[in-house]
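Content type mmCIF, C-alpha atoms, pLDDT in the B column; chains and numbers go by the auth columns, from the file input28.cif:
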data_upload
#
loop_
_atom_site.group_PDB
_atom_site.id
_atom_site.type_symbol
_atom_site.label_atom_id
_atom_site.label_comp_id
_atom_site.label_asym_id
_atom_site.label_seq_id
_atom_site.Cartn_x
_atom_site.Cartn_y
_atom_site.Cartn_z
_atom_site.B_iso_or_equiv
_atom_site.auth_seq_id
_atom_site.auth_asym_id
ATOM 1 C CA MET A 1 -28.652 8.626 31.170 55.00 233 K
ATOM 2 C CA ASP A 2 -30.264 10.124 28.078 64.00 234 K
ATOM 3 C CA PRO A 3 -31.023 7.377 25.481 68.00 235 K
ATOM 4 C CA THR A 4 -29.719 9.499 22.598 67.00 236 K
ATOM 5 C CA LEU A 5 -26.389 10.009 24.352 61.00 237 K
ATOM 6 C CA GLN A 6 -26.201 6.315 25.132 66.00 238 K
ATOM 7 C CA LYS A 7 -26.935 5.451 21.470 66.00 239 K
ATOM 8 C CA ALA A 8 -24.326 7.970 20.253 63.00 240 K
ATOM 9 C CA GLY A 9 -21.789 6.428 22.625 65.00 241 K
ATOM 10 C CA MET A 10 -22.521 2.954 21.242 70.00 242 K
ATOM 11 C CA VAL A 11 -22.143 4.205 17.661 68.00 243 K
ATOM 12 C CA GLN A 12 -18.808 5.780 18.493 69.00 244 K
ATOM 13 C CA GLU A 13 -17.635 2.587 20.166 73.00 245 K
ATOM 14 C CA TRP A 14 -18.585 0.615 17.033 73.00 246 K
ATOM 15 C CA ILE A 15 -16.733 3.089 14.819 71.00 247 K
ATOM 16 C CA LEU A 16 -13.667 2.852 17.049 71.00 248 K
ATOM 17 C CA MET A 17 -13.847 -0.940 16.975 74.00 249 K
ATOM 18 C CA LEU A 18 -14.254 -0.926 13.183 74.00 250 K
ATOM 19 C CA GLY A 19 -11.243 1.390 12.850 72.00 251 K
ATOM 20 C CA PHE A 20 -9.208 -0.929 15.057 75.00 252 K
ATOM 21 C CA ILE A 21 -10.227 -3.955 12.982 79.00 253 K
ATOM 22 C CA VAL A 22 -9.318 -2.159 9.741 76.00 254 K
ATOM 23 C CA MET A 23 -5.959 -1.181 11.237 76.00 255 K
ATOM 24 C CA ILE A 24 -5.229 -4.794 12.242 82.00 256 K
ATOM 25 C CA ALA A 25 -6.305 -6.038 8.788 80.00 257 K
ATOM 26 C CA TRP A 26 -4.046 -3.469 7.128 76.00 258 K
ATOM 27 C CA ILE A 27 -1.089 -4.533 9.277 82.00 259 K
ATOM 28 C CA LEU A 28 -1.739 -8.180 8.385 85.00 260 K
ATOM 29 C CA TYR A 29 -1.912 -7.237 4.706 83.00 261 K
ATOM 30 C CA ILE A 30 1.429 -5.428 4.897 83.00 262 K
ATOM 31 C CA VAL A 31 3.053 -8.381 6.670 86.00 263 K
ATOM 32 C CA THR A 32 1.632 -10.788 4.076 86.00 264 K
ATOM 33 C CA VAL A 33 2.921 -8.677 1.179 83.00 265 K
ATOM 34 C CA ALA A 34 6.353 -8.428 2.808 85.00 266 K
ATOM 35 C CA ILE A 35 6.527 -12.200 3.281 90.00 267 K
ATOM 36 C CA ARG A 36 5.415 -12.780 -0.337 86.00 268 K
ATOM 37 C CA ARG A 37 8.075 -10.388 -1.640 82.00 269 K
ATOM 38 C CA LYS A 38 10.754 -12.046 0.455 87.00 270 K
ATOM 39 C CA GLN A 39 9.764 -15.496 -0.833 87.00 271 K
ATOM 40 C CA GLN A 40 9.724 -14.210 -4.412 80.00 272 K
ATOM 41 C CA SER A 41 13.145 -12.640 -3.968 80.00 273 K
ATOM 42 C CA THR A 42 14.536 -15.841 -2.465 85.00 274 K
ATOM 43 C CA MET A 43 13.116 -17.893 -5.322 80.00 275 K
ATOM 44 C CA GLN A 44 14.588 -15.556 -7.942 75.00 276 K
ATOM 45 C CA LYS A 45 17.963 -15.603 -6.211 80.00 277 K
ATOM 46 C CA ALA A 46 17.958 -19.413 -6.101 79.00 278 K
ATOM 47 C CA LEU A 47 17.040 -19.549 -9.784 75.00 279 K
ATOM 48 C CA LEU A 48 19.888 -17.230 -10.745 74.00 280 K
ATOM 49 C CA GLU A 49 22.379 -19.200 -8.621 78.00 281 K
ATOM 50 C CA LYS A 50 21.572 -22.368 -10.595 77.00 282 K
ATOM 51 C CA PHE A 51 23.352 -21.039 -13.656 73.00 283 K
ATOM 52 C CA SER A 52 26.979 -22.088 -13.633 72.00 284 K
ATOM 53 C CA SER A 53 28.111 -19.675 -16.325 75.00 285 K
ATOM 54 C CA ALA A 54 27.061 -16.605 -18.250 76.00 286 K
ATOM 55 C CA GLN A 55 26.527 -18.800 -21.301 79.00 287 K
ATOM 56 C CA ASP A 56 23.942 -20.922 -19.455 77.00 288 K
ATOM 57 C CA PHE A 57 22.188 -17.762 -18.344 76.00 289 K
ATOM 58 C CA ALA A 58 22.227 -16.365 -21.904 79.00 290 K
ATOM 59 C CA GLU A 59 20.679 -19.596 -23.220 81.00 291 K
ATOM 60 C CA PHE A 60 17.980 -19.347 -20.566 78.00 292 K
ATOM 61 C CA MET A 61 17.272 -15.745 -21.581 77.00 293 K
ATOM 62 C CA GLN A 62 16.808 -16.836 -25.215 83.00 294 K
ATOM 63 C CA SER A 63 14.164 -19.393 -24.257 84.00 295 K
ATOM 64 C CA PRO A 64 10.467 -18.437 -23.986 85.00 296 K
ATOM 65 C CA ALA A 65 10.546 -19.127 -20.241 79.00 297 K
ATOM 66 C CA GLY A 66 13.512 -16.788 -19.807 77.00 298 K
ATOM 67 C CA GLN A 67 11.828 -14.036 -21.783 78.00 299 K
ATOM 68 C CA LYS A 68 8.692 -14.431 -19.677 80.00 300 K
ATOM 69 C CA TYR A 69 10.861 -14.242 -16.545 74.00 301 K
ATOM 70 C CA VAL A 70 12.461 -10.973 -17.692 70.00 302 K
ATOM 71 C CA MET A 71 9.098 -9.521 -18.746 74.00 303 K
ATOM 72 C CA SER A 72 7.784 -10.029 -15.208 69.00 304 K
ATOM 73 C CA PHE A 73 10.528 -7.651 -14.007 64.00 305 K
ATOM 74 C CA THR A 74 10.066 -5.060 -16.735 58.00 306 K
ATOM 75 C CA ASP A 75 6.296 -4.854 -16.299 54.00 307 K
ATOM 76 C CA ALA A 76 6.687 -4.124 -12.613 54.00 308 K
ATOM 77 C CA MET A 77 9.493 -1.615 -13.178 54.00 309 K
ATOM 78 C CA ALA A 78 8.262 0.156 -16.317 55.00 310 K
ATOM 79 C CA SER A 79 4.645 0.827 -15.385 65.00 311 K
ATOM 80 C CA PRO A 80 4.127 3.098 -12.383 72.00 312 K
ATOM 81 C CA ARG A 81 0.359 2.684 -12.668 75.00 313 K
ATOM 82 C CA ASN A 82 0.113 -0.129 -10.102 75.00 314 K
ATOM 83 C CA SER A 83 2.167 1.656 -7.475 78.00 315 K
ATOM 84 C CA ILE A 84 0.180 4.878 -7.984 80.00 316 K
ATOM 85 C CA LEU A 85 -3.123 3.030 -7.636 80.00 317 K
ATOM 86 C CA LYS A 86 -1.870 1.191 -4.559 81.00 318 K
ATOM 87 C CA SER A 87 -0.831 4.506 -2.967 81.00 319 K
ATOM 88 C CA VAL A 88 -4.265 5.981 -3.667 85.00 320 K
ATOM 89 C CA GLN A 89 -5.973 2.936 -2.166 83.00 321 K
ATOM 90 C CA ILE A 90 -3.840 3.009 0.970 83.00 322 K
ATOM 91 C CA GLY A 91 -4.311 6.768 1.325 84.00 323 K
ATOM 92 C CA ILE A 92 -8.090 6.555 1.102 85.00 324 K
ATOM 93 C CA VAL A 93 -8.293 3.671 3.572 82.00 325 K
ATOM 94 C CA LEU A 94 -6.051 5.468 6.063 80.00 326 K
ATOM 95 C CA MET A 95 -8.096 8.655 5.782 83.00 327 K
ATOM 96 C CA PHE A 96 -11.298 6.749 6.533 81.00 328 K
ATOM 97 C CA VAL A 97 -9.660 4.984 9.480 80.00 329 K
ATOM 98 C CA GLY A 98 -8.543 8.398 10.752 80.00 330 K
ATOM 99 C CA ALA A 99 -12.066 9.769 10.318 80.00 331 K
ATOM 100 C CA GLY A 100 -13.372 6.843 12.343 77.00 332 K
ATOM 101 C CA PHE A 101 -10.964 7.646 15.143 77.00 333 K
ATOM 102 C CA PHE A 102 -11.950 11.332 14.963 75.00 334 K
ATOM 103 C CA SER A 103 -15.604 10.450 15.414 74.00 335 K
ATOM 104 C CA ALA A 104 -14.722 8.184 18.318 72.00 336 K
ATOM 105 C CA ALA A 105 -12.835 11.046 19.961 72.00 337 K
ATOM 106 C CA ARG A 106 -16.124 12.960 20.478 71.00 338 K
ATOM 107 C CA GLY A 107 -14.399 16.283 19.954 69.00 339 K
ATOM 108 C CA ASN A 108 -11.857 15.607 22.711 71.00 340 K
ATOM 109 C CA ALA A 109 -8.656 16.993 21.179 70.00 341 K
ATOM 110 C CA GLU A 110 -6.510 15.498 23.927 72.00 342 K
ATOM 111 C CA GLY A 111 -7.728 11.909 23.689 73.00 343 K
ATOM 112 C CA LEU A 112 -5.856 8.973 22.259 76.00 344 K
ATOM 113 C CA ALA A 113 -8.485 8.408 19.554 75.00 345 K
ATOM 114 C CA PHE A 114 -8.027 11.993 18.321 78.00 346 K
ATOM 115 C CA ILE A 115 -4.259 11.558 18.190 78.00 347 K
ATOM 116 C CA PHE A 116 -4.569 8.283 16.228 78.00 348 K
ATOM 117 C CA GLY A 117 -7.155 9.854 13.942 79.00 349 K
ATOM 118 C CA ASN A 118 -4.902 12.802 13.247 80.00 350 K
ATOM 119 C CA GLY A 119 -1.985 10.489 12.502 82.00 351 K
ATOM 120 C CA PHE A 120 -3.971 8.265 10.137 82.00 352 K
ATOM 121 C CA VAL A 121 -5.462 11.226 8.248 84.00 353 K
ATOM 122 C CA CYS A 122 -2.026 12.841 7.861 85.00 354 K
ATOM 123 C CA VAL A 123 -0.433 9.622 6.615 85.00 355 K
ATOM 124 C CA GLY A 124 -3.413 9.072 4.286 85.00 356 K
ATOM 125 C CA PHE A 125 -2.978 12.564 2.834 86.00 357 K
ATOM 126 C CA GLY A 126 0.736 11.821 2.464 86.00 358 K
ATOM 127 C CA PHE A 127 -0.018 8.709 0.401 85.00 359 K
ATOM 128 C CA LEU A 128 -2.479 10.628 -1.782 87.00 360 K
ATOM 129 C CA ILE A 129 -0.039 13.492 -2.360 89.00 361 K
ATOM 130 C CA SER A 130 2.720 10.976 -3.136 86.00 362 K
ATOM 131 C CA ALA A 131 0.454 9.249 -5.664 86.00 363 K
ATOM 132 C CA LEU A 132 -0.450 12.581 -7.253 87.00 364 K
ATOM 133 C CA VAL A 133 3.190 13.621 -7.576 88.00 365 K
ATOM 134 C CA SER A 134 4.114 10.190 -8.971 85.00 366 K
ATOM 135 C CA TYR A 135 1.305 10.445 -11.492 86.00 367 K
ATOM 136 C CA PHE A 136 2.449 13.825 -12.775 86.00 368 K
ATOM 137 C CA ILE A 137 6.099 12.779 -12.885 85.00 369 K
ATOM 138 C CA SER A 138 5.268 9.586 -14.803 81.00 370 K
ATOM 139 C CA ARG A 139 3.171 11.574 -17.300 82.00 371 K
ATOM 140 C CA LYS A 140 5.990 14.090 -17.729 82.00 372 K
ATOM 141 C CA LEU A 141 8.577 11.345 -18.251 78.00 373 K
ATOM 142 C CA ASP A 142 6.251 9.497 -20.610 75.00 374 K
ATOM 143 C CA SER A 143 5.722 12.600 -22.739 75.00 375 K
ATOM 144 C CA LYS A 144 9.485 13.258 -22.850 72.00 376 K
ATOM 145 C CA SER A 145 10.202 9.683 -23.941 70.00 377 K
ATOM 146 C CA LYS A 146 7.736 10.039 -26.838 68.00 378 K
ATOM 147 C CA GLU A 147 9.582 13.116 -28.180 63.00 379 K
#

This entry written out as structure tokens:
Amino acid sequence: MDPTLQKAGMVQEWILMLGFIVMIAWILYIVTVAIRRKQQSTMQKALLEKFSSAQDFAEFMQSPAGQKYVMSFTDAMASPRNSILKSVQIGIVLMFVGAGFFSAARGNAEGLAFIFGNGFVCVGFGFLISALVSYFISRKLDSKSKE
């Protein structure tokens, strides 16, 4: 076998393995974030259930701790910047994973690596387009709220 072909095959195998590792890491990240959100939601629900009346809740909201608690919600809801940046990050990572699968496909348009690569690139573009649309909508809404 030609040494250059053998070396190219090894490089493609490494790229495929790297893409697989990135995919597994991304899945673990998503699972971790989902678990964290569920725990946070459970904690918030338990905190709200501790109040026996609306008056107790109103007193809590007047305290500095209650105001900090409410501000944690409003920061996440009011600023779309974090979700836009997260969409851009996910989109770029998925596009690179897809490119890795494309290179591992060796031009074989019927192979499994090509199919995965195509899927990852399309989903990556979807995230980037979603982030772009969200950015323009948030700018439009922000300019309307200033008027």

**Asked** Which neighbours of region 323-336 of chain K fall inside 10 Å, counting only C-alpha atoms, when residues of the same chain fewer than 6 positions from it are skipped, and could you give them as a PyMOL selection string?
**Response** chain K and resi 240-255+258+317+343-363

So for region 263-268 of chain K, what box centre and size do we get, axis-aligned, 5 Å extra on each of the six sides, every listed atom, Å to one decimal, as AutoDock Vina command-line options?
--center_x 4.1 --center_y -10.6 --center_z 3.2 --size_x 14.9 --size_y 14.4 --size_z 17.0

**Message:** So that I can check the surroundings of region 366-373 of chain K, please list as a ChimeraX atom specification every protein, DNA and RNA residue that reaches within 9 Å of it, counting all atoms listed in the file and ignoring chain neighbours fewer than 6 positions away.
**Reply:** /K:311-313,315-316
